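This is data.txt. It holds compact mmCIF, C-alpha atoms.
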```
# COMPACT_ATOMS: atom_id res chain seq x y z
CA ASN E 1 88.63 96.68 108.52
CA VAL E 2 92.01 98.27 108.86
CA GLY E 3 94.46 95.90 110.45
CA LEU E 4 97.81 94.21 110.52
CA GLY E 5 98.72 90.62 109.84
CA ASN E 6 101.73 88.38 109.59
CA LEU E 7 102.67 85.81 107.00
CA ALA E 8 103.07 82.26 108.25
CA ASN E 9 105.65 80.23 106.34
CA ALA E 10 106.00 83.08 103.80
CA LYS E 11 102.50 82.37 102.45
CA LEU E 12 99.02 83.81 102.68
CA GLU E 13 96.48 81.57 104.34
CA LYS E 14 94.06 79.45 102.32
CA ASP E 15 91.44 81.49 100.44
CA ASN E 16 93.13 84.80 101.42
CA TRP E 17 94.22 87.05 98.56
CA PHE E 18 96.21 90.27 98.82
CA ILE E 19 96.25 93.23 96.44
CA LEU E 20 99.61 94.95 96.92
CA SER E 21 99.72 98.67 96.24
CA ALA E 22 102.81 99.76 98.21
CA MET E 23 105.63 98.54 100.43
CA LEU E 24 107.48 99.93 103.39
CA LEU E 25 111.11 99.00 104.03
CA LEU E 26 112.61 100.04 107.34
CA TYR E 27 116.10 99.46 108.79
CA ALA E 28 117.43 99.73 112.31
CA GLU E 29 120.49 98.93 114.39
CA SER E 30 120.07 98.07 118.06
CA ALA E 31 122.02 96.01 120.54
CA GLY E 32 118.84 95.89 122.65
CA GLY E 33 116.88 93.91 120.06
CA MET E 34 114.21 94.45 117.47
CA PHE E 35 111.53 95.72 119.86
CA VAL E 36 113.59 98.72 121.00
CA ALA E 37 115.20 99.42 117.61
CA ASP E 38 114.65 102.82 115.99
CA PHE E 39 113.38 102.24 112.43
CA THR E 40 113.79 105.85 111.27
CA HIS E 41 116.47 105.84 108.59
CA ILE E 42 117.71 103.96 105.56
CA PRO E 43 121.52 104.10 105.42
CA ALA E 44 123.59 104.04 102.23
CA VAL E 45 124.44 100.36 102.71
CA VAL E 46 120.74 99.59 102.21
CA ARG E 47 119.89 102.31 99.65
CA ASN E 48 122.71 101.17 97.37
CA GLY E 49 121.48 97.58 97.36
CA GLU E 50 118.67 95.98 95.41
CA PHE E 51 115.60 93.77 95.82
CA GLU E 52 112.95 91.87 93.90
CA LEU E 53 109.58 90.40 94.84
CA GLU E 54 108.19 87.06 93.73
CA ALA E 55 105.00 85.21 94.61
CA GLY E 56 105.01 81.63 93.42
CA ASN E 57 106.40 81.61 89.91
CA LYS E 58 105.39 85.23 89.21
CA LYS E 59 107.82 88.11 89.47
CA LEU E 60 105.79 90.96 90.93
CA VAL E 61 108.64 93.47 91.12
CA GLY E 62 111.72 92.88 88.97
CA LEU E 63 115.22 93.56 90.26
CA ILE E 64 115.30 97.23 91.31
CA ASP E 65 117.49 99.51 93.46
CA ASN E 66 116.58 99.96 97.10
CA GLU E 67 116.85 103.69 96.42
CA VAL E 68 113.10 103.60 95.67
CA PHE E 69 112.58 103.37 99.45
CA ASN E 70 114.61 106.54 100.09
CA THR E 71 112.04 109.15 101.06
CA VAL E 72 114.32 111.22 103.29
CA GLY E 73 113.52 114.90 102.99
CA ARG E 74 109.98 114.28 101.76
CA THR E 75 107.19 115.43 104.03
CA ASP E 76 104.40 113.81 102.01
CA LEU E 77 105.61 110.20 102.47
CA GLN E 78 106.62 108.01 105.38
CA ILE E 79 110.27 106.95 105.51
CA GLY E 80 110.82 103.84 103.41
CA TYR E 81 107.55 104.07 101.44
CA TYR E 82 107.46 102.75 97.87
CA LYS E 83 104.30 102.75 95.77
CA VAL E 84 104.39 99.97 93.18
CA GLU E 85 103.76 101.08 89.61
CA SER E 86 100.60 99.00 89.27
CA VAL E 87 98.82 96.91 91.86
CA LYS E 88 99.99 93.32 92.22
CA VAL E 89 97.87 90.34 93.21
CA ILE E 90 99.34 87.81 95.64
CA GLU E 91 97.47 84.52 95.56
CA PRO E 92 96.87 82.34 98.62
CA GLN E 93 99.23 79.49 99.51
CA VAL E 94 102.09 80.55 97.20
CA GLU E 95 105.52 81.26 98.61
CA ILE E 96 106.40 84.94 98.80
CA LYS E 97 110.09 85.76 98.35
CA MET E 98 111.71 89.16 98.63
CA PRO E 99 115.48 88.87 98.69
CA VAL E 100 117.01 92.19 99.72
CA LYS E 101 120.69 92.69 98.95
CA PHE E 102 122.81 95.28 100.70
CA ALA E 103 125.78 97.12 99.21
CA ALA E 104 128.07 95.79 101.97
CA ALA E 105 127.98 93.57 105.02
CA VAL E 106 126.09 94.81 108.08
CA GLY E 107 126.52 94.04 111.76
CA VAL E 108 124.78 91.37 113.81
CA ASN E 109 122.50 93.86 115.58
CA THR E 110 120.76 95.10 112.44
CA PHE E 111 117.11 94.60 111.57
CA LEU E 112 115.15 94.94 108.34
CA LYS E 113 111.37 95.21 108.38
CA VAL E 114 109.24 94.98 105.24
CA GLU E 115 105.55 95.82 105.31
CA PHE E 116 103.14 95.15 102.46
CA ILE E 117 100.43 97.78 102.07
CA GLY E 118 97.26 96.97 100.22
CA THR E 119 93.92 95.20 100.47
CA GLY E 120 93.31 91.75 101.83
CA VAL E 121 90.47 89.74 100.34
CA ILE E 122 89.30 87.07 102.74
CA PRO E 123 86.22 84.81 102.82
CA PHE E 124 83.40 85.41 105.31
```
Same coordinates, now as structure tokens:
Amino acid sequence: NVGLGNLANAKLEKDNWFILSAMLLLYAESAGGMFVADFTHIPAVVRNGEFELEAGNKKLVGLIDNEVFNTVGRTDLQIGYYKVESVKVIEPQVEIKMPVKFAAAVGVNTFLKVEFIGTGVIPF
């Protein structure tokens, strides 16, 4: 089934596996809060930064520029879409860390949303 889920405590639930094929990174600024923020652009302060992705002791995506999320001007991809080079498996109950560094400081009313796109494998 197609669906959305959240991570509790930065971990997948017991017996739930995830096969990561892409990620979506979205940025917004809004004094009204996250729920009214407009996640439609990725400014230079984000694009010129870097990130990495780890699950447990495994580095799934090594340190890379946030520029990979810059899809502005492309009509075939959603803004902020990055397809990983090869699928990555995230095991259940391991801590998932994705530190995202910006090129400069940002204001207090800024929001960053990261979505993992892939296939969840759960028991029945």
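Here atom CA of E:Gly118 and atom CA of E:Leu20 stand 4.5 Å from one another.
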Env of stretch 27-37 of chain E: 7 Å cut, atoms = all atoms listed in the file, seq-sep filter 6 positions within chain, self excluded. Answer as an MDAnalysis selection string. chainID E and resid 109:113
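Here atom CA of E:Gln78 is placed at a distance of 21.3 Å from atom CA of E:Gly120.
The smallest atom-to-atom distance between E:Asn16 and any of E:Pro92, E:Pro99, E:Val72, E:Thr119, using only C-alpha atoms, is found for E:Pro92.
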Edge lengths and centre in Å, axis-aligned, stretch 21-31 of chain E plus 4 Å each side, as AutoDock Vina command-line options:
```
--center_x 110.9 --center_y 98.0 --center_z 108.4 --size_x 30.3 --size_y 12.0 --size_z 32.3
```
Selection: 6 Å around E:Glu50, all atoms listed in the file, excl. self and same-chain fewer than 3 positions, as a PyMOL selection string: chain E and resi 64-66+100-101
Any idea what's packed within 8 Å of E:Val94, counting all atoms listed in the file, ignoring anything in its chain fewer than 4 positions away? Could you give it as a compact mmCIF listing (two decimals) with C-alpha atoms, keeping the file's coordinate frame?
```
# COMPACT_ATOMS: atom_id res chain seq x y z
CA LYS E 11 102.50 82.37 102.45
CA LEU E 12 99.02 83.81 102.68
CA ALA E 55 105.00 85.21 94.61
CA GLY E 56 105.01 81.63 93.42
CA ILE E 90 99.34 87.81 95.64
```
Please report the interatomic distance between atom CA of E:Ser21 and atom CA of E:Pro43 in Å with one decimal. 24.3 Å
